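S.K.: I'm passing along run-v2.txt; it holds compact mmCIF, C-alpha atoms.
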# COMPACT_ATOMS: atom_id res chain seq x y z
CA MET A 1 -65.16 24.71 -112.72
CA LYS A 2 -63.21 22.52 -110.31
CA THR A 3 -66.04 19.97 -110.22
CA ILE A 4 -66.15 19.83 -114.03
CA TYR A 5 -62.37 19.44 -114.15
CA ASN A 6 -62.46 16.58 -111.66
CA ASP A 7 -65.26 14.88 -113.57
CA LEU A 8 -63.32 15.17 -116.82
CA THR A 9 -60.23 13.57 -115.30
CA SER A 10 -62.29 10.40 -114.93
CA ILE A 11 -62.91 10.47 -118.70
CA LEU A 12 -59.40 11.22 -119.95
CA ASN A 13 -55.91 11.92 -118.63
CA ALA A 14 -55.33 15.16 -116.74
CA GLU A 15 -52.47 15.97 -119.13
CA ASN A 16 -55.10 16.36 -121.86
CA ILE A 17 -57.00 19.04 -119.94
CA LYS A 18 -55.89 22.65 -119.52
CA THR A 19 -57.73 25.42 -117.71
CA ASN A 20 -57.84 29.15 -118.45
CA GLU A 21 -55.56 28.65 -121.44
CA PRO A 22 -54.84 31.42 -124.02
CA LEU A 23 -56.48 30.38 -127.28
CA SER A 24 -53.97 32.55 -129.14
CA ASN A 25 -51.69 29.52 -128.74
CA TYR A 26 -54.02 27.58 -131.07
CA THR A 27 -54.89 30.05 -133.83
CA PHE A 28 -52.94 30.96 -136.95
CA THR A 29 -53.60 34.67 -136.32
CA LYS A 30 -51.94 34.35 -132.88
CA THR A 31 -54.92 36.18 -131.38
CA GLY A 32 -57.83 35.24 -129.13
CA GLY A 33 -58.81 35.26 -125.48
CA LYS A 34 -58.73 32.38 -123.00
CA GLY A 35 -60.67 29.14 -123.01
CA ASP A 36 -62.15 27.85 -119.75
CA LEU A 37 -61.32 24.20 -120.40
CA ILE A 38 -59.10 23.08 -123.29
CA ILE A 39 -59.37 19.36 -123.98
CA THR A 40 -57.21 17.40 -126.44
CA PRO A 41 -58.73 13.90 -126.68
CA LYS A 42 -56.81 11.04 -128.27
CA THR A 43 -59.60 8.59 -129.14
CA TYR A 44 -63.10 8.73 -130.61
CA GLN A 45 -64.42 7.25 -127.38
CA GLU A 46 -62.89 10.09 -125.36
CA VAL A 47 -64.47 12.63 -127.70
CA GLN A 48 -67.85 10.95 -127.33
CA ASN A 49 -67.57 10.69 -123.55
CA VAL A 50 -66.63 14.37 -123.18
CA TYR A 51 -69.35 15.45 -125.59
CA LYS A 52 -72.04 13.41 -123.83
CA TYR A 53 -70.85 14.74 -120.47
CA SER A 54 -71.19 18.30 -121.78
CA LEU A 55 -74.71 17.57 -123.04
CA LYS A 56 -75.76 15.99 -119.76
CA HIS A 57 -74.52 18.96 -117.73
CA ASN A 58 -75.50 21.63 -120.26
CA ILE A 59 -71.92 22.85 -120.72
CA PRO A 60 -71.29 24.80 -123.93
CA THR A 61 -68.80 22.95 -126.15
CA THR A 62 -66.77 24.36 -129.03
CA ILE A 63 -64.85 22.23 -131.53
CA LEU A 64 -61.54 23.44 -132.94
CA GLY A 65 -59.25 21.95 -135.55
CA ASN A 66 -55.89 23.61 -136.05
CA GLY A 67 -57.27 27.17 -135.96
CA SER A 68 -56.18 28.13 -139.47
CA ASN A 69 -59.37 29.78 -140.78
CA LEU A 70 -60.57 31.11 -137.47
CA ILE A 71 -60.82 34.25 -135.37
CA ILE A 72 -61.48 33.78 -131.66
CA LYS A 73 -62.67 36.97 -130.01
CA ASP A 74 -60.62 38.57 -127.24
CA GLY A 75 -63.15 37.54 -124.58
CA GLY A 76 -62.31 33.90 -125.24
CA ILE A 77 -64.62 30.89 -125.12
CA ARG A 78 -66.64 29.68 -122.16
CA GLY A 79 -67.16 26.03 -121.30
CA ILE A 80 -65.31 23.21 -123.02
CA VAL A 81 -63.08 23.65 -126.07
CA LEU A 82 -62.34 20.36 -127.83
CA ILE A 83 -59.17 20.56 -129.90
CA LEU A 84 -58.85 17.51 -132.14
CA THR A 85 -55.34 17.93 -133.58
CA THR A 86 -54.09 15.07 -131.39
CA MET A 87 -56.25 12.72 -133.48
CA ASN A 88 -54.26 12.83 -136.72
CA ASN A 89 -53.76 9.28 -137.99
CA ILE A 90 -53.76 8.68 -141.76
CA HIS A 91 -53.88 5.24 -143.38
CA LEU A 92 -54.39 3.64 -146.79
CA SER A 93 -56.71 0.87 -147.93
CA ASN A 94 -57.39 -0.01 -151.61
CA ASN A 95 -56.66 3.46 -153.03
CA LYS A 96 -58.74 5.00 -150.28
CA ILE A 97 -57.24 7.22 -147.61
CA LYS A 98 -58.84 7.38 -144.19
CA ALA A 99 -57.77 10.40 -142.17
CA GLN A 100 -58.74 11.45 -138.67
CA SER A 101 -60.24 14.90 -138.26
CA GLY A 102 -57.18 16.44 -136.63
CA ALA A 103 -54.83 15.53 -139.48
CA GLY A 104 -53.77 18.44 -141.66
CA ILE A 105 -55.16 18.24 -145.17
CA ILE A 106 -51.67 19.17 -146.39
CA GLU A 107 -50.33 16.05 -144.66
CA VAL A 108 -53.06 13.95 -146.26
CA SER A 109 -52.17 15.30 -149.72
CA ARG A 110 -48.50 14.43 -149.08
CA PHE A 111 -49.52 10.96 -147.95
CA ALA A 112 -51.41 10.58 -151.22
CA LEU A 113 -48.31 11.65 -153.15
CA LYS A 114 -46.15 9.15 -151.26
CA ASN A 115 -48.55 6.42 -152.37
CA SER A 116 -48.80 7.76 -155.97
CA LEU A 117 -52.49 8.61 -155.63
CA SER A 118 -54.01 11.55 -157.50
CA GLY A 119 -56.93 13.75 -156.53
CA LEU A 120 -55.70 15.75 -153.54
CA GLU A 121 -53.03 17.81 -155.29
CA PHE A 122 -55.17 20.95 -154.92
CA ALA A 123 -54.98 20.59 -151.12
CA CYS A 124 -51.18 20.70 -150.87
CA GLY A 125 -51.31 24.29 -149.61
CA ILE A 126 -54.53 24.38 -147.60
CA PRO A 127 -53.47 24.82 -143.96
CA GLY A 128 -56.65 23.48 -142.34
CA SER A 129 -57.46 20.17 -140.65
CA ILE A 130 -59.58 17.43 -142.18
CA GLY A 131 -62.47 18.31 -139.88
CA GLY A 132 -62.36 21.95 -140.92
CA ALA A 133 -61.96 21.02 -144.58
CA LEU A 134 -65.15 18.94 -144.50
CA HIS A 135 -66.99 21.53 -142.45
CA MET A 136 -66.59 24.15 -145.19
CA ASN A 137 -65.86 21.97 -148.25
CA ALA A 138 -62.41 23.54 -148.54
CA GLY A 139 -60.91 24.09 -151.94
CA ALA A 140 -58.12 25.76 -153.89
CA TYR A 141 -56.80 26.00 -157.44
CA GLY A 142 -59.87 24.48 -159.05
CA GLY A 143 -60.26 21.53 -156.68
CA VAL A 144 -62.55 20.98 -153.70
CA VAL A 145 -62.87 18.35 -151.00
CA SER A 146 -66.17 17.15 -152.45
CA ASP A 147 -64.31 16.01 -155.60
CA VAL A 148 -62.72 13.12 -153.73
CA LEU A 149 -64.60 12.72 -150.43
CA GLN A 150 -66.58 9.49 -150.08
CA GLU A 151 -67.84 9.36 -146.52
CA ALA A 152 -67.28 10.69 -143.03
CA LEU A 153 -67.64 9.44 -139.47
CA VAL A 154 -69.17 12.09 -137.22
CA LEU A 155 -70.80 12.58 -133.85
CA ASP A 156 -74.34 13.89 -134.16
CA THR A 157 -75.88 16.42 -131.81
CA ASN A 158 -76.85 13.63 -129.39
CA GLY A 159 -73.24 12.46 -129.21
CA ASP A 160 -73.91 9.28 -131.22
CA PHE A 161 -71.63 7.95 -133.96
CA LEU A 162 -72.99 8.43 -137.47
CA THR A 163 -71.53 7.59 -140.89
CA LEU A 164 -72.46 10.06 -143.61
CA SER A 165 -72.24 9.44 -147.34
CA LYS A 166 -70.95 12.18 -149.61
CA ASN A 167 -74.51 12.99 -150.69
CA GLU A 168 -75.69 13.25 -147.10
CA MET A 169 -73.02 15.86 -146.44
CA GLU A 170 -74.63 18.20 -149.02
CA LEU A 171 -71.32 19.76 -149.96
CA ASP A 172 -71.45 23.09 -151.78
CA TYR A 173 -69.29 26.21 -152.00
CA ARG A 174 -68.01 26.63 -148.44
CA LYS A 175 -71.08 24.81 -147.13
CA SER A 176 -71.99 21.38 -145.77
CA SER A 177 -74.70 19.67 -143.76
CA ILE A 178 -71.96 19.02 -141.20
CA ALA A 179 -71.82 22.73 -140.45
CA GLN A 180 -75.58 23.22 -140.73
CA ASN A 181 -76.40 20.34 -138.39
CA GLY A 182 -73.62 20.93 -135.89
CA TYR A 183 -71.96 17.55 -136.42
CA LEU A 184 -68.48 16.82 -135.09
CA VAL A 185 -66.16 15.23 -137.69
CA LEU A 186 -64.06 12.30 -136.48
CA GLU A 187 -62.79 10.76 -139.72
CA ALA A 188 -63.00 11.16 -143.50
CA THR A 189 -62.54 8.68 -146.36
CA PHE A 190 -61.18 9.88 -149.71
CA GLY A 191 -61.37 7.88 -152.94
CA LEU A 192 -58.32 8.61 -155.09
CA THR A 193 -56.96 7.54 -158.47
CA PRO A 194 -53.63 5.73 -159.02
CA GLY A 195 -51.20 8.04 -160.82
CA LYS A 196 -47.54 8.62 -161.52
CA PHE A 197 -45.52 9.91 -158.59
CA ASN A 198 -43.50 12.42 -160.66
CA GLU A 199 -46.61 13.89 -162.33
CA ILE A 200 -48.41 14.27 -159.01
CA LYS A 201 -45.33 15.84 -157.43
CA THR A 202 -44.84 18.27 -160.32
CA LYS A 203 -48.42 19.49 -159.98
CA MET A 204 -48.06 19.90 -156.21
CA ASP A 205 -44.74 21.73 -156.63
CA ASP A 206 -46.34 24.11 -159.15
CA LEU A 207 -49.26 24.84 -156.82
CA THR A 208 -46.90 25.33 -153.86
CA PHE A 209 -44.89 27.84 -155.88
CA LEU A 210 -48.05 29.73 -156.82
CA ARG A 211 -49.18 29.83 -153.21
CA GLU A 212 -45.83 30.92 -151.81
CA SER A 213 -45.38 33.61 -154.46
CA LYS A 214 -48.85 35.11 -153.99
CA GLN A 215 -49.78 34.60 -150.34
CA PRO A 216 -48.31 36.45 -147.31
CA LEU A 217 -47.05 33.33 -145.54
CA GLU A 218 -44.40 35.31 -143.68
CA TYR A 219 -47.04 36.73 -141.29
CA PRO A 220 -49.67 35.13 -139.05
CA SER A 221 -53.07 35.21 -140.74
CA CYS A 222 -56.41 33.41 -140.90
CA GLY A 223 -56.03 32.67 -144.60
CA SER A 224 -58.55 33.96 -147.12
CA VAL A 225 -60.89 36.18 -145.09
CA PHE A 226 -63.89 36.48 -147.43
CA LYS A 227 -65.90 34.14 -149.60
CA ARG A 228 -65.75 34.73 -153.34
CA PRO A 229 -68.77 36.90 -154.27
CA PRO A 230 -70.59 35.72 -157.43
CA GLY A 231 -68.92 37.27 -160.46
CA TYR A 232 -66.06 38.85 -158.50
CA PHE A 233 -62.86 38.11 -156.61
CA ALA A 234 -62.80 39.40 -153.05
CA GLY A 235 -59.11 40.27 -153.13
CA LYS A 236 -59.47 42.36 -156.30
CA LEU A 237 -62.46 44.25 -154.90
CA ILE A 238 -60.46 45.06 -151.78
CA GLN A 239 -57.44 46.07 -153.82
CA ASP A 240 -59.53 48.22 -156.18
CA SER A 241 -61.04 49.91 -153.12
CA GLY A 242 -57.57 51.17 -152.24
CA LEU A 243 -57.40 49.14 -149.05
CA GLN A 244 -54.18 47.24 -149.58
CA GLY A 245 -51.95 48.10 -146.62
CA LYS A 246 -54.87 49.50 -144.58
CA GLN A 247 -54.13 48.84 -140.91
CA ILE A 248 -56.11 48.90 -137.68
CA GLY A 249 -53.99 48.18 -134.64
CA GLY A 250 -51.73 45.28 -135.54
CA ALA A 251 -54.05 43.90 -138.24
CA GLN A 252 -53.26 44.86 -141.84
CA VAL A 253 -54.73 44.16 -145.26
CA SER A 254 -51.81 42.30 -146.80
CA LYS A 255 -49.71 44.27 -149.26
CA LYS A 256 -48.98 40.99 -151.03
CA HIS A 257 -52.56 39.66 -151.37
CA ALA A 258 -55.52 41.88 -150.48
CA GLY A 259 -57.69 38.86 -149.65
CA PHE A 260 -55.62 38.28 -146.52
CA ILE A 261 -55.45 40.15 -143.23
CA VAL A 262 -52.11 39.67 -141.51
CA ASN A 263 -50.91 40.20 -137.97
CA VAL A 264 -47.98 42.58 -138.42
CA GLY A 265 -47.41 43.02 -134.70
CA SER A 266 -49.41 42.35 -131.55
CA ALA A 267 -52.79 42.42 -133.30
CA THR A 268 -55.86 41.58 -131.28
CA SER A 269 -58.94 39.82 -132.56
CA THR A 270 -60.78 43.11 -132.08
CA ASP A 271 -58.33 44.70 -134.54
CA TYR A 272 -59.16 41.94 -137.03
CA LEU A 273 -62.91 42.34 -136.61
CA LYS A 274 -62.77 46.14 -136.92
CA LEU A 275 -60.72 45.81 -140.11
CA ILE A 276 -63.10 43.20 -141.54
CA SER A 277 -66.03 45.54 -140.91
CA TYR A 278 -64.15 48.48 -142.44
CA ILE A 279 -63.37 46.44 -145.56
CA GLN A 280 -66.98 45.30 -145.91
CA ASN A 281 -68.33 48.84 -145.59
CA THR A 282 -65.78 50.30 -148.02
CA VAL A 283 -66.27 47.65 -150.70
CA ASN A 284 -70.04 47.84 -150.39
CA ALA A 285 -70.00 51.63 -150.71
CA LYS A 286 -67.71 51.55 -153.75
CA PHE A 287 -69.00 48.51 -155.66
CA GLY A 288 -72.34 47.60 -154.07
CA VAL A 289 -70.98 44.14 -153.22
CA VAL A 290 -71.45 42.60 -149.77
CA LEU A 291 -68.41 40.59 -148.75
CA GLU A 292 -69.31 37.59 -146.60
CA PRO A 293 -66.60 36.30 -144.25
CA GLU A 294 -65.18 32.89 -145.04
CA VAL A 295 -63.25 32.92 -141.78
CA LYS A 296 -65.15 31.48 -138.81
CA ILE A 297 -65.60 33.86 -135.86
CA LEU A 298 -66.07 32.41 -132.37
CA GLY A 299 -66.08 33.52 -128.76
CA GLU A 300 -67.10 36.47 -126.65
CA ASP A 301 -66.27 40.18 -126.95
Could you render the structure as C-alpha cells?

M.R.:
Amino acid sequence: MKTIYNDLTSILNAENIKTNEPLSNYTFTKTGGKGDLIITPKTYQEVQNVYKYSLKHNIPTTILGNGSNLIIKDGGIRGIVLILTTMNNIHLSNNKIKAQSGAGIIEVSRFALKNSLSGLEFACGIPGSIGGALHMNAGAYGGVVSDVLQEALVLDTNGDFLTLSKNEMELDYRKSSIAQNGYLVLEATFGLTPGKFNEIKTKMDDLTFLRESKQPLEYPSCGSVFKRPPGYFAGKLIQDSGLQGKQIGGAQVSKKHAGFIVNVGSATSTDYLKLISYIQNTVNAKFGVVLEPEVKILGED
C-alpha cells in the first residue's frame, strides 16, 4: 500500500489522496466501510494517469460521484476509489451546457435557469452527479437525461479519451452503454432551448415543492431504492404490502414515501441490504412482482 501511495503522489498532490478513509463520509446514507485509497483528482489528465496506473499494476478501481444513489457495504472497497466531485465546472456555449462529471445535476439545472435555458427543469431535485446521471439515464417528473444530452467525454476501459454521441450511449430506462461498458464519464454536453426565466423558475419551484412534500429529505437516504416495475409503482407495492415503517437496525422504510429507505439512527449498510431483501421477498410473495434495485451496491461484506 505504501508503494502505491508513493507512486500516486508522483501523479497528483498528496492532499488529494487519503488512505483507510471511511466511505460513510461520501454517501448520502451515511453508511459504508473504509476505502483503501481515496483519490480526488482535479483534472482529466490526473484521472487518466491514475486509471492507467491502476490498469498497469492490476489495482481494482472504483468510480464514485457524490454517493447519492449508492450503498457501500460495511466491508468497504479495496484498491483505488476515484471520487470525481472535485471536477465540477459548468460552462455555457451557444445554448449548450458543458458540465464536468462531478458537478451536481441540480447545480446544472440551476445554471440553465440562470441563463434562461429550458430542458433541465426535471432535474432540479435529482441529487446525483452528472457522471451518475449519465450512467443510469437519471430522470424525474416525466423528464430524463436522454431528452437533452448530446454527447459525453469518457475514459474507455483502456484509459483512453473517447467522445460518445447520444446514440452511442444507448440510453434507456436506468440503462446506458456507459454502465454496460464500464466507461468513466468526464464531461457531458446538454443541448437546451431558450426560454423565459420566470416560466422556467415556476416549473422548477413547482417540482421542488412536490419533491419536498413527498420525499423524506429530513433523513439520510439513497433516494429511490427500486426501479419502477412495468405496470406498477415500487412505492405503492411496498406500501400495499404493509411495509411502511418497517425497520431493521437503523434502516427504515420511510413513513413518508415507501419507495425510500432512510437512516433513522446509526444504520449500517448491512441493515439496508437486509431490509431491501425483506422488501423484495414480501412484495414478491404478495404480488408476484420482483423489485429490482435502482440503487447501486458496491464493496465487500

S.K.: Pick out the closest residue to Lys201 (chain A) from this set: A:Ala285, A:Leu171, A:Ile178, A:Cys124. Count only C-alpha atoms.

M.R.: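 Looking at the shortest contact to Lys201 (chain A), the residue is A:Cys124.
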
S.K.: Which residues are close to region 102-105 of chain A, i.e. within 7 Å by all atoms listed in the file, leaving aside same-chain residues fewer than 3 positions away? Reply as a list of chain:residue names.

M.R.: A:Gly65, A:Leu84, A:Thr85, A:Thr86, A:Met87, A:Asn88, A:Asn89, A:Ala99, A:Val108, A:Ser109, A:Ala123, A:Ile126, A:Pro127, A:Gly128, A:Ser129, A:Ile130, A:Gly131

S.K.: Which one of A:Asn281, A:Thr157, A:Asn95, A:Ser221 sits closest to Lys30 (chain A) if you count all atoms listed in the file?

M.R.: A:Ser221

S.K.: Which residues, written as a ChimeraX atom specification, have at least one atom at most 10 Å from region 212-217 of chain A, with only C-alpha atoms counted and residues fewer than 6 positions away on the same chain left out?

M.R.: /A:125,223-224,254-262

S.K.: Between A:Leu192, A:Leu92, A:Leu82, A:Leu298, which has the minimum distance to Ile17 (chain A) (counting all atoms listed in the file)?

M.R.: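 Among the listed residues, A:Leu82 lies closest to Ile17 (chain A).
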
S.K.: Give me, please, the distance in Å between CA of Asn25 (chain A) and CA of Ile63 (chain A), quoted to one decimal.

M.R.: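 Interatomic distance here is 15.3 Å.
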
S.K.: So, counting only C-alpha atoms, which residue among A:Gly132, A:Asp7, A:Ser116, A:Leu153 is closest to Asn66 (chain A)?

M.R.: A:Gly132

S.K.: Hey, can you check how far CA of Ile39 (chain A) sits from CA of Asn16 (chain A)?

M.R.: 5.6 Å

S.K.: Tell me, as a PDB file with C-alpha atoms, keeping the file's coordinate frame, which residues lie within 12 Å of Asn263 (chain A), counting all atoms listed in the file; anything in the same chain fewer than 3 positions away does not count.

M.R.:
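Full text of result.pdb as output:
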ATOM      1  CA  THR A  27     -54.890  30.050-133.830  1.00  0.00           C
ATOM      2  CA  PHE A  28     -52.940  30.960-136.950  1.00  0.00           C
ATOM      3  CA  THR A  29     -53.600  34.670-136.320  1.00  0.00           C
ATOM      4  CA  LYS A  30     -51.940  34.350-132.880  1.00  0.00           C
ATOM      5  CA  THR A  31     -54.920  36.180-131.380  1.00  0.00           C
ATOM      6  CA  ILE A  71     -60.820  34.250-135.370  1.00  0.00           C
ATOM      7  CA  PRO A 216     -48.310  36.450-147.310  1.00  0.00           C
ATOM      8  CA  LEU A 217     -47.050  33.330-145.540  1.00  0.00           C
ATOM      9  CA  GLU A 218     -44.400  35.310-143.680  1.00  0.00           C
ATOM     10  CA  TYR A 219     -47.040  36.730-141.290  1.00  0.00           C
ATOM     11  CA  PRO A 220     -49.670  35.130-139.050  1.00  0.00           C
ATOM     12  CA  SER A 221     -53.070  35.210-140.740  1.00  0.00           C
ATOM     13  CA  CYS A 222     -56.410  33.410-140.900  1.00  0.00           C
ATOM     14  CA  GLY A 223     -56.030  32.670-144.600  1.00  0.00           C
ATOM     15  CA  GLY A 245     -51.950  48.100-146.620  1.00  0.00           C
ATOM     16  CA  GLN A 247     -54.130  48.840-140.910  1.00  0.00           C
ATOM     17  CA  ILE A 248     -56.110  48.900-137.680  1.00  0.00           C
ATOM     18  CA  GLY A 249     -53.990  48.180-134.640  1.00  0.00           C
ATOM     19  CA  GLY A 250     -51.730  45.280-135.540  1.00  0.00           C
ATOM     20  CA  ALA A 251     -54.050  43.900-138.240  1.00  0.00           C
ATOM     21  CA  GLN A 252     -53.260  44.860-141.840  1.00  0.00           C
ATOM     22  CA  VAL A 253     -54.730  44.160-145.260  1.00  0.00           C
ATOM     23  CA  SER A 254     -51.810  42.300-146.800  1.00  0.00           C
ATOM     24  CA  PHE A 260     -55.620  38.280-146.520  1.00  0.00           C
ATOM     25  CA  SER A 266     -49.410  42.350-131.550  1.00  0.00           C
ATOM     26  CA  ALA A 267     -52.790  42.420-133.300  1.00  0.00           C
ATOM     27  CA  THR A 268     -55.860  41.580-131.280  1.00  0.00           C
ATOM     28  CA  SER A 269     -58.940  39.820-132.560  1.00  0.00           C
ATOM     29  CA  THR A 270     -60.780  43.110-132.080  1.00  0.00           C
ATOM     30  CA  ASP A 271     -58.330  44.700-134.540  1.00  0.00           C
ATOM     31  CA  TYR A 272     -59.160  41.940-137.030  1.00  0.00           C
ATOM     32  CA  LEU A 275     -60.720  45.810-140.110  1.00  0.00           C
TER      33      LEU A 275
END

S.K.: Quick one: residues within 7 Å of Thr193 (chain A), only C-alpha atoms, excluding same-chain residues fewer than 2 positions away - as a ChimeraX atom specification?

M.R.: /A:95,117-119,195

S.K.: Between CA of Val81 (chain A) and CA of Tyr183 (chain A), what is the spacing in Å?

M.R.: 14.9 Å

S.K.: Taking all atoms listed in the file into account, name the residue in A:Ala112, A:Ala179, A:Leu184, A:Ile80 that is nearest to Lys34 (chain A).

M.R.: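 Looking at the shortest contact to Lys34 (chain A), the residue is A:Ile80.
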
S.K.: Could you name the residues that touch Thr61 (chain A) at 12 Å or less, counting all atoms listed in the file, but leaving out those on the same chain fewer than 2 positions away, as a PyMOL selection string?

M.R.: chain A and resi 35-39+47+50-59+63-64+77-83+157+159+182+184+298-299

S.K.: Nearest to Thr202 (chain A): which of A:Met136, A:Met1, A:Leu113, A:Ile11 is it, counting all atoms listed in the file?

M.R.: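 Counting all atoms listed in the file, the residue closest to Thr202 (chain A) is A:Leu113.
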
S.K.: Export region 78-90 of chain A, N, CA, C and O atoms, as a compact mmCIF listing (two decimals), in the first residue's frame; it's the structure right above.

M.R.:
# COMPACT_ATOMS: atom_id res chain seq x y z
N ARG A 78 -11.79 -2.21 -1.67
CA ARG A 78 -10.34 -2.41 -1.81
C ARG A 78 -9.81 -1.66 -3.03
O ARG A 78 -10.55 -1.36 -3.98
N GLY A 79 -8.52 -1.37 -3.00
CA GLY A 79 -7.87 -0.71 -4.12
C GLY A 79 -8.09 0.79 -4.12
O GLY A 79 -8.10 1.44 -3.07
N ILE A 80 -8.26 1.33 -5.32
CA ILE A 80 -8.40 2.77 -5.51
C ILE A 80 -9.86 3.15 -5.66
O ILE A 80 -10.61 2.49 -6.38
N VAL A 81 -10.27 4.19 -4.95
CA VAL A 81 -11.60 4.77 -5.12
C VAL A 81 -11.42 6.19 -5.67
O VAL A 81 -10.85 7.06 -5.01
N LEU A 82 -11.87 6.39 -6.90
CA LEU A 82 -11.79 7.71 -7.54
C LEU A 82 -13.08 8.46 -7.27
O LEU A 82 -14.15 8.03 -7.71
N ILE A 83 -13.00 9.56 -6.57
CA ILE A 83 -14.17 10.40 -6.30
C ILE A 83 -14.03 11.67 -7.11
O ILE A 83 -13.06 12.43 -6.95
N LEU A 84 -14.99 11.92 -8.00
CA LEU A 84 -14.82 12.95 -9.02
C LEU A 84 -15.53 14.27 -8.72
O LEU A 84 -15.62 15.14 -9.58
N THR A 85 -16.02 14.43 -7.48
CA THR A 85 -16.79 15.64 -7.16
C THR A 85 -15.94 16.91 -7.18
O THR A 85 -16.49 18.01 -7.20
N THR A 86 -14.63 16.76 -7.17
CA THR A 86 -13.76 17.95 -7.27
C THR A 86 -13.71 18.49 -8.70
O THR A 86 -13.25 19.60 -8.92
N MET A 87 -14.17 17.70 -9.66
CA MET A 87 -14.24 18.16 -11.05
C MET A 87 -15.69 18.55 -11.34
O MET A 87 -16.51 17.71 -11.72
N ASN A 88 -16.02 19.81 -11.10
CA ASN A 88 -17.43 20.22 -11.11
C ASN A 88 -17.70 21.51 -11.88
O ASN A 88 -18.66 22.21 -11.61
N ASN A 89 -16.84 21.82 -12.85
CA ASN A 89 -17.04 23.04 -13.63
C ASN A 89 -18.24 22.92 -14.56
O ASN A 89 -18.52 21.85 -15.12
N ILE A 90 -18.94 24.04 -14.75
CA ILE A 90 -20.09 24.13 -15.65
C ILE A 90 -19.91 25.38 -16.49
O ILE A 90 -19.63 26.45 -15.95
